[in-house]
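**Student:** Sharing a structure here in structure tokens format.
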Amino acid sequence: MKRFTSSRVSQMPESVFLQMDAAKKAALARGLSLIDLSIGASDLPPPQVALQALSDAVWDPSTYGYCLRSGFTPLLEAVADWHQQRFGQKLDPARELLPLIGSQEGFSNLLLATTNPGDLILLPDPGYPSYLGAVAIAGLQTHLVPLQEDQNFLPDLQAIPADVAARASVLVLSYPNNPTSGVATPEFMQQAVDFCLQHDILLIHDFPYVDMVFGDYEAPSVLDAKGAMGCAVELYSISKSFHLGGFRLGWAAGNKDAIAALEQLKSAVDFNQYVGIQRAGIAALGLPRSHTRQDARRLMERRDALCQALRGTGWDISVPQASMYVWARIPAPISSFDFALDLARETGVTVAPGRAFGTRGEGFVRFALVREPAMLQEAAQKIAGFLKERV
């Protein structure tokens, strides 16, 4: 009997989160309580003004229909205002911005809209696992670009072979980075834009952690680099900044040709996000910067608590400047998958294995800062006990 499964699906990697879910169930079956640090789903509360805007919209009959361009124009105007206030950028809502049903959806559809099957894409290794699924759907070839600890998890673009750069259609970056928590400078962003202009490459900068920055560090927008509007698209999300992951709302900003192609493709597959959710996004974007800075300080307190606790048990930890993750090398000769799965089954503490993010993630694990400091310290102690039995 014919299998109703495409070659695209067959090439998609198994989700690490499904494997971790099975380990969580095993821990619960043993009567253990979970401390889940494996998924970057924020536990902080969403802004009340956003929830109120959604609640009000539910009772507004004008929000019940399909959402075409006139329906999402208010969101794009709010996004344009946000870019102006945040970065001083003047973006055209009609040609240089487009709403997304989350940045993950936007990334996958952007590849479909701007590449052809067999094109070459430059992907970071390690990198966000869903990139690989999107690449399989688009039928692209992949060249992995190393993100190495001794280079601050920034790719060496000049080390990409000349024949590879000549063939490439897309370069993917994401800073603050998931999973490594690496950060970029404006100078690096300019180097990336210059590289892409030189080789006629579309630069996709996945930028969901723009607000999760600590201390004096500010995450640079690639669109601020000279020439960026000629080659770059930046993807944003309200999931991280405003703790509204389930709402699935974001936007794309940048090169007008890529934005137009993405809009044309999306017109065939969706009618955009519900207007009420868009109104919630507008309300969130209208909040003062102090709101997201306060949330970032809470994450920084968690970062400090976890890093200090892990260091006290023998881990060599680099303290991140941004994101909601701590990326750490396992202080024992054990594979990252074995470490993460066995740790979950035996202690109830779950982390993401580095190998799930690429071959160069082996030997590392990712901690998500999604619990309060006391629980993170408890997790560190359980991890120490687990390792003591293994070493």
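We label chains A, B, ... in the order they appear in the structure tokens, count residues from 1 in each chain, and number ligands from 1 in the order shown.
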Which residues come within 9 Å of Leu285 of chain A, counting only C-alpha atoms, excluding same-chain residues fewer than 4 positions away, as a VMD selection string?
**Tutor:** chain A and resid 78 to 79 81 to 82 238 242 280 to 281
**Student:** Which residues come within 10 Å of Ser6 of chain A, counting only C-alpha atoms, excluding same-chain residues fewer than 4 positions away, as an mmCIF file with all heavy atoms, in the first residue's frame?
**Tutor:**
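Written file, selection.cif:
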```cif
data_model
loop_
_atom_site.group_PDB
_atom_site.id
_atom_site.type_symbol
_atom_site.label_atom_id
_atom_site.label_comp_id
_atom_site.auth_asym_id
_atom_site.auth_seq_id
_atom_site.Cartn_x
_atom_site.Cartn_y
_atom_site.Cartn_z
ATOM 1 N N SER A 10 10.100 13.039 5.054
ATOM 2 C CA SER A 10 11.084 12.010 5.395
ATOM 3 C C SER A 10 12.445 12.607 5.720
ATOM 4 O O SER A 10 13.219 12.028 6.487
ATOM 5 C CB SER A 10 11.221 11.022 4.232
ATOM 6 O OG SER A 10 9.982 10.394 3.958
ATOM 7 N N GLN A 11 12.754 13.769 5.133
ATOM 8 C CA GLN A 11 14.047 14.394 5.365
ATOM 9 C C GLN A 11 14.054 15.301 6.589
ATOM 10 O O GLN A 11 15.117 15.776 6.992
ATOM 11 C CB GLN A 11 14.441 15.224 4.139
ATOM 12 C CG GLN A 11 14.713 14.383 2.901
ATOM 13 C CD GLN A 11 14.872 15.226 1.653
ATOM 14 O OE1 GLN A 11 15.128 16.425 1.726
ATOM 15 N NE2 GLN A 11 14.703 14.607 0.501
ATOM 16 N N ILE A 137 11.606 21.339 3.664
ATOM 17 C CA ILE A 137 10.370 21.683 2.958
ATOM 18 C C ILE A 137 10.681 22.423 1.662
ATOM 19 O O ILE A 137 10.056 22.184 0.620
ATOM 20 C CB ILE A 137 9.464 22.538 3.864
ATOM 21 C CG1 ILE A 137 8.942 21.695 5.029
ATOM 22 C CG2 ILE A 137 8.297 23.127 3.079
ATOM 23 C CD1 ILE A 137 8.233 22.512 6.092
#
```
**Student:** Report as an MDAnalysis selection string: the residues of segment 228-374 of chain A with a DSSP assignment of strand (DSSP E or B), based on the backbone of this structure.
**Tutor:** chainID A and resid 232:237 250:254 322 325:329 349:350 352:353 364:368
**Student:** What is the distance between atom CA of His199 of chain A and atom CA of Pro161 of chain A, in Å to one decimal?
**Tutor:** 12.0 Å
**Student:** List the neighbours of segment 248-250 of chain A out to 6 Å using only C-alpha atoms; skip same-chain residues closer than 4 positions along the sequence, and give me the result as a JSON list (two decimals) with N, CA and C atoms, in the first residue's frame.
**Tutor:**
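Written file, out.json:
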```json
[["chain", "number", "residue", "atom", "x", "y", "z"],
["A", 99, "PRO", "N", 3.17, 41.17, 8.37],
["A", 99, "PRO", "CA", 2.90, 40.39, 9.58],
["A", 99, "PRO", "C", 3.12, 38.90, 9.34],
["A", 100, "LEU", "N", 3.49, 38.21, 10.40],
["A", 100, "LEU", "CA", 3.72, 36.77, 10.36],
["A", 100, "LEU", "C", 2.90, 36.08, 11.43],
["A", 101, "ILE", "N", 2.62, 34.81, 11.21],
["A", 101, "ILE", "CA", 1.98, 34.00, 12.24],
["A", 101, "ILE", "C", 3.12, 33.35, 13.05],
["A", 102, "GLY", "N", 3.90, 34.19, 13.67],
["A", 102, "GLY", "CA", 5.11, 33.76, 14.36],
["A", 102, "GLY", "C", 6.30, 33.79, 13.43],
["A", 103, "SER", "N", 7.48, 34.06, 13.97],
["A", 103, "SER", "CA", 8.68, 34.16, 13.12],
["A", 103, "SER", "C", 9.07, 32.80, 12.55],
["A", 236, "TYR", "N", 10.90, 39.16, 13.43],
["A", 236, "TYR", "CA", 10.61, 39.53, 14.81],
["A", 236, "TYR", "C", 9.43, 38.71, 15.32],
["A", 237, "SER", "N", 9.31, 38.68, 16.67],
["A", 237, "SER", "CA", 8.25, 37.91, 17.30],
["A", 237, "SER", "C", 7.84, 38.60, 18.60],
["A", 238, "ILE", "N", 6.55, 38.50, 18.93],
["A", 238, "ILE", "CA", 6.10, 38.97, 20.25],
["A", 238, "ILE", "C", 6.19, 37.85, 21.28]]
```
**Student:** Can you list every residue in segment 291-345 of chain A that DSSP puts in helix (DSSP H, G or I), as an NGL selection string?
**Tutor:** :A and (291-311 or 336-345)
**Student:** Write a file of the selected residues as a short mmCIF file (atom, residue, chain, number, x, y, z; two decimals), in the first residue's frame, keeping N, CA and C atoms.
**Tutor:**
```
data_model
loop_
_atom_site.label_atom_id
_atom_site.label_comp_id
_atom_site.auth_asym_id
_atom_site.auth_seq_id
_atom_site.Cartn_x
_atom_site.Cartn_y
_atom_site.Cartn_z
N HIS A 291 9.25 48.47 30.19
CA HIS A 291 8.52 47.21 30.44
C HIS A 291 9.39 46.00 30.10
N THR A 292 9.94 45.98 28.91
CA THR A 292 10.77 44.84 28.52
C THR A 292 12.10 44.84 29.27
N ARG A 293 12.60 46.02 29.63
CA ARG A 293 13.84 46.07 30.41
C ARG A 293 13.64 45.45 31.80
N GLN A 294 12.47 45.68 32.38
CA GLN A 294 12.19 45.08 33.69
C GLN A 294 12.15 43.56 33.58
N ASP A 295 11.52 43.05 32.55
CA ASP A 295 11.48 41.60 32.36
C ASP A 295 12.89 41.05 32.12
N ALA A 296 13.71 41.79 31.38
CA ALA A 296 15.08 41.35 31.13
C ALA A 296 15.88 41.28 32.43
N ARG A 297 15.60 42.20 33.36
CA ARG A 297 16.30 42.16 34.65
C ARG A 297 15.93 40.90 35.43
N ARG A 298 14.69 40.46 35.31
CA ARG A 298 14.29 39.22 35.98
C ARG A 298 15.04 38.03 35.38
N LEU A 299 15.18 38.03 34.07
CA LEU A 299 15.95 36.96 33.42
C LEU A 299 17.41 37.02 33.84
N MET A 300 17.94 38.22 34.01
CA MET A 300 19.33 38.36 34.41
C MET A 300 19.54 37.81 35.82
N GLU A 301 18.58 38.02 36.70
CA GLU A 301 18.66 37.45 38.04
C GLU A 301 18.68 35.92 37.97
N ARG A 302 17.88 35.37 37.10
CA ARG A 302 17.87 33.91 36.92
C ARG A 302 19.19 33.43 36.33
N ARG A 303 19.68 34.16 35.33
CA ARG A 303 20.98 33.81 34.74
C ARG A 303 22.06 33.76 35.82
N ASP A 304 22.12 34.79 36.66
CA ASP A 304 23.15 34.86 37.68
C ASP A 304 23.01 33.72 38.69
N ALA A 305 21.76 33.41 39.06
CA ALA A 305 21.53 32.34 40.03
C ALA A 305 21.97 31.00 39.47
N LEU A 306 21.60 30.72 38.21
CA LEU A 306 21.95 29.43 37.62
C LEU A 306 23.45 29.32 37.39
N CYS A 307 24.05 30.35 36.83
CA CYS A 307 25.49 30.29 36.54
C CYS A 307 26.31 30.13 37.82
N GLN A 308 25.93 30.86 38.85
CA GLN A 308 26.65 30.75 40.12
C GLN A 308 26.50 29.36 40.72
N ALA A 309 25.28 28.82 40.67
CA ALA A 309 25.04 27.49 41.23
C ALA A 309 25.80 26.42 40.45
N LEU A 310 25.80 26.50 39.13
CA LEU A 310 26.51 25.51 38.34
C LEU A 310 28.02 25.61 38.54
N ARG A 311 28.52 26.82 38.61
CA ARG A 311 29.95 26.99 38.86
C ARG A 311 30.35 26.38 40.20
N SER A 336 25.67 14.46 24.83
CA SER A 336 24.66 15.40 25.29
C SER A 336 23.28 14.76 25.33
N PHE A 337 22.97 13.86 24.40
CA PHE A 337 21.67 13.19 24.42
C PHE A 337 21.56 12.27 25.63
N ASP A 338 22.60 11.48 25.89
CA ASP A 338 22.57 10.59 27.05
C ASP A 338 22.44 11.39 28.33
N PHE A 339 23.19 12.49 28.40
CA PHE A 339 23.12 13.33 29.59
C PHE A 339 21.70 13.85 29.79
N ALA A 340 21.12 14.45 28.75
CA ALA A 340 19.81 15.08 28.90
C ALA A 340 18.71 14.07 29.17
N LEU A 341 18.72 12.96 28.45
CA LEU A 341 17.65 11.98 28.63
C LEU A 341 17.76 11.27 29.98
N ASP A 342 18.97 10.86 30.36
CA ASP A 342 19.14 10.19 31.64
C ASP A 342 18.88 11.14 32.81
N LEU A 343 19.33 12.39 32.68
CA LEU A 343 19.08 13.39 33.73
C LEU A 343 17.59 13.56 33.95
N ALA A 344 16.83 13.64 32.87
CA ALA A 344 15.38 13.82 32.99
C ALA A 344 14.73 12.62 33.66
N ARG A 345 15.10 11.42 33.21
CA ARG A 345 14.48 10.21 33.75
C ARG A 345 14.81 10.01 35.22
#
```
**Student:** Provide the atom CA of Pro288 of chain A to atom CA of Pro46 of chain A distance in Å, to one decimal place.
**Tutor:**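 Taking atom CA of Pro288 of chain A and atom CA of Pro46 of chain A, their separation equals 14.3 Å.
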**Student:** Calculated over only C-alpha atoms, which of the candidates A:Val135, A:Leu235, A:Leu122, A:Ala253 has the smallest distance to Phe207 of chain A?
**Tutor:**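 Going through A:Val135, A:Leu235, A:Leu122, A:Ala253 one by one, the smallest distance to Phe207 of chain A is for A:Leu235.
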**Student:** Could you check which of A:Leu123, A:Thr114, A:Thr313, A:Gln198 is closest to Phe357 of chain A, using only C-alpha atoms?
**Tutor:**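 Nearest to Phe357 of chain A: A:Leu123.
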**Student:** Go through A:Leu157, A:Ala322, A:Leu32, A:Met212 one by one, measure the shortest atom-to-atom distance of each to His243 of chain A using only C-alpha atoms, and give the residue with the smallest value.
**Tutor:**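 Of all the options, A:Met212 lies closest to His243 of chain A.
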**Student:** Take atom CA of Gln264 of chain A and atom CA of Asn116 of chain A and report the distance between them in Å, one decimal.
**Tutor:**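 Separating atom CA of Gln264 of chain A from atom CA of Asn116 of chain A is a distance of 15.4 Å.
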**Student:** With only C-alpha atoms as the basis for distance, which of A:Val365, A:Ala165, A:Ile259, A:Met375 is at the shortest distance from Ile334 of chain A?
**Tutor:**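 Under the stated criterion, the closest residue is A:Val365.
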**Student:** My list of candidates is A:Lys266, A:Lys226, A:Arg279, A:Lys24. Which is closest to Phe247 of chain A when distances are computed with only C-alpha atoms?
**Tutor:**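 Looking at the shortest contact to Phe247 of chain A, the residue is A:Arg279.
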**Student:** Between A:Tyr274, A:Tyr175, A:Phe386, A:Trp251, which has the minimum distance to Gln321 of chain A (counting only C-alpha atoms)?
**Tutor:**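 Closest candidate: A:Tyr175.
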**Student:** Just the residues within 12 Å of Asp56 of chain A, please, counting only C-alpha atoms, with nothing from its chain fewer than 2 positions along; format it as a VMD selection string.
**Tutor:** chain A and resid 49 to 54 58 to 63 275 to 277 279 to 280 283
**Student:** Kindly save the residues from that selection, with all heavy atoms included, as a short mmCIF file (atom, residue, chain, number, x, y, z; two decimals), in the first residue's frame.
**Tutor:**
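So selection_37.cif came out as:
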```
data_model
loop_
_atom_site.label_atom_id
_atom_site.label_comp_id
_atom_site.auth_asym_id
_atom_site.auth_seq_id
_atom_site.Cartn_x
_atom_site.Cartn_y
_atom_site.Cartn_z
N VAL A 49 -2.26 45.03 29.19
CA VAL A 49 -2.90 45.80 28.12
C VAL A 49 -3.09 44.94 26.88
O VAL A 49 -4.07 45.14 26.13
CB VAL A 49 -2.07 47.06 27.78
CG1 VAL A 49 -2.09 48.05 28.92
CG2 VAL A 49 -0.64 46.70 27.38
N ALA A 50 -2.20 44.00 26.63
CA ALA A 50 -2.35 43.12 25.48
C ALA A 50 -3.51 42.17 25.67
O ALA A 50 -4.32 41.95 24.75
CB ALA A 50 -1.05 42.34 25.25
N LEU A 51 -3.62 41.61 26.86
CA LEU A 51 -4.73 40.69 27.13
C LEU A 51 -6.06 41.42 27.08
O LEU A 51 -7.07 40.87 26.59
CB LEU A 51 -4.52 40.03 28.49
CG LEU A 51 -3.23 39.21 28.65
CD1 LEU A 51 -3.16 38.60 30.04
CD2 LEU A 51 -3.14 38.13 27.58
N GLN A 52 -6.10 42.66 27.57
CA GLN A 52 -7.34 43.43 27.53
C GLN A 52 -7.73 43.76 26.10
O GLN A 52 -8.91 43.71 25.74
CB GLN A 52 -7.18 44.72 28.35
CG GLN A 52 -8.49 45.51 28.51
CD GLN A 52 -9.55 44.71 29.24
OE1 GLN A 52 -9.31 44.24 30.35
NE2 GLN A 52 -10.73 44.56 28.63
N ALA A 53 -6.74 44.09 25.27
CA ALA A 53 -7.04 44.38 23.87
C ALA A 53 -7.63 43.17 23.16
O ALA A 53 -8.58 43.29 22.37
CB ALA A 53 -5.76 44.83 23.15
N LEU A 54 -7.11 41.98 23.46
CA LEU A 54 -7.66 40.76 22.88
C LEU A 54 -9.07 40.51 23.39
O LEU A 54 -9.98 40.18 22.61
CB LEU A 54 -6.76 39.57 23.20
CG LEU A 54 -7.28 38.21 22.74
CD1 LEU A 54 -7.46 38.17 21.23
CD2 LEU A 54 -6.33 37.10 23.19
N VAL A 58 -12.63 40.31 21.04
CA VAL A 58 -13.49 39.13 20.91
C VAL A 58 -14.96 39.53 20.76
O VAL A 58 -15.74 38.84 20.08
CB VAL A 58 -13.30 38.21 22.14
CG1 VAL A 58 -14.37 37.14 22.19
CG2 VAL A 58 -11.92 37.55 22.08
N TRP A 59 -15.33 40.66 21.35
CA TRP A 59 -16.73 41.11 21.31
C TRP A 59 -16.97 42.13 20.20
O TRP A 59 -18.05 42.72 20.13
CB TRP A 59 -17.13 41.68 22.66
CG TRP A 59 -16.95 40.67 23.75
CD1 TRP A 59 -15.96 40.62 24.68
CD2 TRP A 59 -17.76 39.52 23.97
NE1 TRP A 59 -16.11 39.51 25.48
CE2 TRP A 59 -17.21 38.81 25.07
CE3 TRP A 59 -18.90 39.00 23.36
CZ2 TRP A 59 -17.76 37.64 25.56
CZ3 TRP A 59 -19.46 37.82 23.85
CH2 TRP A 59 -18.88 37.15 24.94
N ASP A 60 -16.00 42.32 19.34
CA ASP A 60 -16.12 43.26 18.23
C ASP A 60 -16.37 42.48 16.95
O ASP A 60 -15.46 41.83 16.43
CB ASP A 60 -14.84 44.09 18.11
CG ASP A 60 -14.88 45.08 16.97
OD1 ASP A 60 -15.88 45.10 16.22
OD2 ASP A 60 -13.91 45.83 16.81
N PRO A 61 -17.60 42.50 16.41
CA PRO A 61 -17.90 41.69 15.22
C PRO A 61 -17.02 42.02 14.02
O PRO A 61 -16.86 41.17 13.13
CB PRO A 61 -19.37 42.04 14.93
CG PRO A 61 -19.92 42.51 16.24
CD PRO A 61 -18.79 43.20 16.92
N SER A 62 -16.44 43.20 13.98
CA SER A 62 -15.59 43.55 12.83
C SER A 62 -14.31 42.72 12.78
O SER A 62 -13.62 42.70 11.76
CB SER A 62 -15.24 45.03 12.86
OG SER A 62 -14.32 45.33 13.90
N THR A 63 -13.99 42.01 13.85
CA THR A 63 -12.77 41.19 13.87
C THR A 63 -13.01 39.75 13.43
O THR A 63 -12.06 38.97 13.38
CB THR A 63 -12.17 41.14 15.29
OG1 THR A 63 -13.03 40.39 16.17
CG2 THR A 63 -11.98 42.54 15.85
N VAL A 275 -7.42 39.32 13.91
CA VAL A 275 -7.27 40.75 14.17
C VAL A 275 -7.17 41.04 15.67
O VAL A 275 -6.44 41.93 16.10
CB VAL A 275 -8.42 41.54 13.53
CG1 VAL A 275 -8.42 42.99 14.01
CG2 VAL A 275 -8.30 41.50 12.00
N GLY A 276 -7.89 40.27 16.49
CA GLY A 276 -7.82 40.48 17.93
C GLY A 276 -6.42 40.25 18.47
O GLY A 276 -5.94 40.99 19.34
N ILE A 277 -5.75 39.24 17.95
CA ILE A 277 -4.37 38.98 18.37
C ILE A 277 -3.46 40.09 17.86
O ILE A 277 -2.53 40.52 18.56
CB ILE A 277 -3.93 37.60 17.87
CG1 ILE A 277 -4.66 36.50 18.65
CG2 ILE A 277 -2.42 37.42 17.98
CD1 ILE A 277 -4.36 35.09 18.21
N ARG A 279 -4.35 43.16 17.57
CA ARG A 279 -4.58 44.29 18.47
C ARG A 279 -3.82 44.09 19.78
O ARG A 279 -3.34 45.06 20.38
CB ARG A 279 -6.07 44.46 18.72
CG ARG A 279 -6.84 44.96 17.50
CD ARG A 279 -8.30 45.17 17.80
NE ARG A 279 -9.05 45.58 16.61
CZ ARG A 279 -10.36 45.76 16.57
NH1 ARG A 279 -11.09 45.59 17.68
NH2 ARG A 279 -10.96 46.12 15.45
N ALA A 280 -3.73 42.85 20.23
CA ALA A 280 -2.93 42.58 21.43
C ALA A 280 -1.47 42.94 21.16
O ALA A 280 -0.78 43.51 22.01
CB ALA A 280 -3.06 41.12 21.83
N ALA A 283 -1.00 46.71 21.23
CA ALA A 283 -0.97 47.21 22.61
C ALA A 283 0.38 46.94 23.26
O ALA A 283 0.93 47.80 23.96
CB ALA A 283 -2.10 46.57 23.42
#
```
**Student:** I'd like the contact shell of Gly314 of chain A - 12 Å cut-off, only C-alpha atoms, skipping same-chain residues fewer than 5 positions apart - returned as a VMD selection string.
**Tutor:** chain A and resid 307 to 309 328 to 332 380 to 381 383 to 385 387 to 388
**Student:** Output N, CA and C atoms of each residue in that selection to a file, as a compact mmCIF listing (two decimals), in the first residue's frame.
**Tutor:**
```txt
# COMPACT_ATOMS: atom_id res chain seq x y z
N CYS A 307 24.05 30.35 36.83
CA CYS A 307 25.49 30.29 36.54
C CYS A 307 26.31 30.13 37.82
N GLN A 308 25.93 30.86 38.85
CA GLN A 308 26.65 30.75 40.12
C GLN A 308 26.50 29.36 40.72
N ALA A 309 25.28 28.82 40.67
CA ALA A 309 25.04 27.49 41.23
C ALA A 309 25.80 26.42 40.45
N ALA A 328 26.18 25.58 27.98
CA ALA A 328 27.29 25.16 28.84
C ALA A 328 27.85 23.81 28.39
N ARG A 329 29.16 23.68 28.50
CA ARG A 329 29.83 22.42 28.18
C ARG A 329 29.68 21.46 29.35
N ILE A 330 29.28 20.24 29.07
CA ILE A 330 29.07 19.23 30.10
C ILE A 330 30.41 18.84 30.72
N PRO A 331 30.53 18.90 32.04
CA PRO A 331 31.83 18.60 32.68
C PRO A 331 32.03 17.10 32.92
N ALA A 332 31.73 16.30 31.91
CA ALA A 332 31.87 14.85 32.05
C ALA A 332 31.90 14.24 30.65
N ALA A 380 20.39 22.84 39.79
CA ALA A 380 21.85 22.70 39.76
C ALA A 380 22.32 21.66 40.75
N GLN A 381 21.73 21.61 41.93
CA GLN A 381 22.12 20.62 42.92
C GLN A 381 21.75 19.21 42.48
N ILE A 383 21.51 18.22 39.39
CA ILE A 383 22.46 17.90 38.32
C ILE A 383 23.80 17.48 38.90
N ALA A 384 24.27 18.17 39.94
CA ALA A 384 25.53 17.81 40.57
C ALA A 384 25.49 16.40 41.14
N GLY A 385 24.38 16.05 41.78
CA GLY A 385 24.24 14.69 42.30
C GLY A 385 24.22 13.65 41.20
N LEU A 387 25.66 13.90 38.21
CA LEU A 387 27.01 13.77 37.66
C LEU A 387 27.95 13.03 38.61
N LYS A 388 27.77 13.23 39.92
CA LYS A 388 28.63 12.57 40.88
C LYS A 388 28.51 11.06 40.79
```
**Student:** Name all residues at most 10 Å from Glu77 of chain A (count only C-alpha atoms; drop same-chain ones fewer than 6 positions away) and give them as an MDAnalysis selection string.
**Tutor:** chainID A and resid 83 91:94 97 282
**Student:** Keeping only all heavy atoms, write the selected residues as an mmCIF file, in the first residue's frame.
**Tutor:**
```cif
data_model
loop_
_atom_site.group_PDB
_atom_site.id
_atom_site.type_symbol
_atom_site.label_atom_id
_atom_site.label_comp_id
_atom_site.auth_asym_id
_atom_site.auth_seq_id
_atom_site.Cartn_x
_atom_site.Cartn_y
_atom_site.Cartn_z
ATOM 1 N N HIS A 83 9.861 50.477 15.163
ATOM 2 C CA HIS A 83 11.189 50.530 14.546
ATOM 3 C C HIS A 83 11.769 51.939 14.611
ATOM 4 O O HIS A 83 12.970 52.117 14.841
ATOM 5 C CB HIS A 83 11.113 50.060 13.089
ATOM 6 C CG HIS A 83 11.173 48.576 12.919
ATOM 7 N ND1 HIS A 83 12.346 47.893 12.716
ATOM 8 C CD2 HIS A 83 10.191 47.629 12.942
ATOM 9 C CE1 HIS A 83 12.095 46.595 12.603
ATOM 10 N NE2 HIS A 83 10.799 46.412 12.735
ATOM 11 N N LEU A 91 10.771 52.671 8.068
ATOM 12 C CA LEU A 91 10.362 51.577 7.190
ATOM 13 C C LEU A 91 8.978 51.844 6.626
ATOM 14 O O LEU A 91 8.097 52.361 7.318
ATOM 15 C CB LEU A 91 10.375 50.254 7.951
ATOM 16 C CG LEU A 91 11.733 49.823 8.522
ATOM 17 C CD1 LEU A 91 11.590 48.514 9.293
ATOM 18 C CD2 LEU A 91 12.770 49.680 7.422
ATOM 19 N N ASP A 92 8.789 51.487 5.372
ATOM 20 C CA ASP A 92 7.516 51.670 4.683
ATOM 21 C C ASP A 92 6.587 50.506 5.032
ATOM 22 O O ASP A 92 6.864 49.362 4.634
ATOM 23 C CB ASP A 92 7.766 51.723 3.181
ATOM 24 C CG ASP A 92 6.496 51.948 2.371
ATOM 25 O OD1 ASP A 92 5.399 51.974 2.977
ATOM 26 O OD2 ASP A 92 6.607 52.086 1.142
ATOM 27 N N PRO A 93 5.485 50.759 5.768
ATOM 28 C CA PRO A 93 4.601 49.649 6.141
ATOM 29 C C PRO A 93 4.026 48.910 4.939
ATOM 30 O O PRO A 93 3.712 47.722 5.039
ATOM 31 C CB PRO A 93 3.488 50.339 6.945
ATOM 32 C CG PRO A 93 4.075 51.619 7.407
ATOM 33 C CD PRO A 93 5.035 52.036 6.335
ATOM 34 N N ALA A 94 3.885 49.584 3.809
ATOM 35 C CA ALA A 94 3.266 48.974 2.639
ATOM 36 C C ALA A 94 4.215 48.068 1.871
ATOM 37 O O ALA A 94 3.787 47.131 1.192
ATOM 38 C CB ALA A 94 2.734 50.055 1.701
ATOM 39 N N LEU A 97 7.439 45.859 5.377
ATOM 40 C CA LEU A 97 6.983 45.154 6.574
ATOM 41 C C LEU A 97 5.858 44.199 6.201
ATOM 42 O O LEU A 97 5.060 44.486 5.298
ATOM 43 C CB LEU A 97 6.475 46.145 7.628
ATOM 44 C CG LEU A 97 7.492 47.115 8.229
ATOM 45 C CD1 LEU A 97 6.776 48.178 9.056
ATOM 46 C CD2 LEU A 97 8.503 46.368 9.084
ATOM 47 N N ILE A 282 -0.357 45.157 18.990
ATOM 48 C CA ILE A 282 -0.265 46.622 18.918
ATOM 49 C C ILE A 282 -0.165 47.211 20.319
ATOM 50 O O ILE A 282 0.655 48.109 20.582
ATOM 51 C CB ILE A 282 -1.478 47.197 18.166
ATOM 52 C CG1 ILE A 282 -1.426 46.800 16.688
ATOM 53 C CG2 ILE A 282 -1.540 48.715 18.311
ATOM 54 C CD1 ILE A 282 -2.700 47.104 15.918
#
```
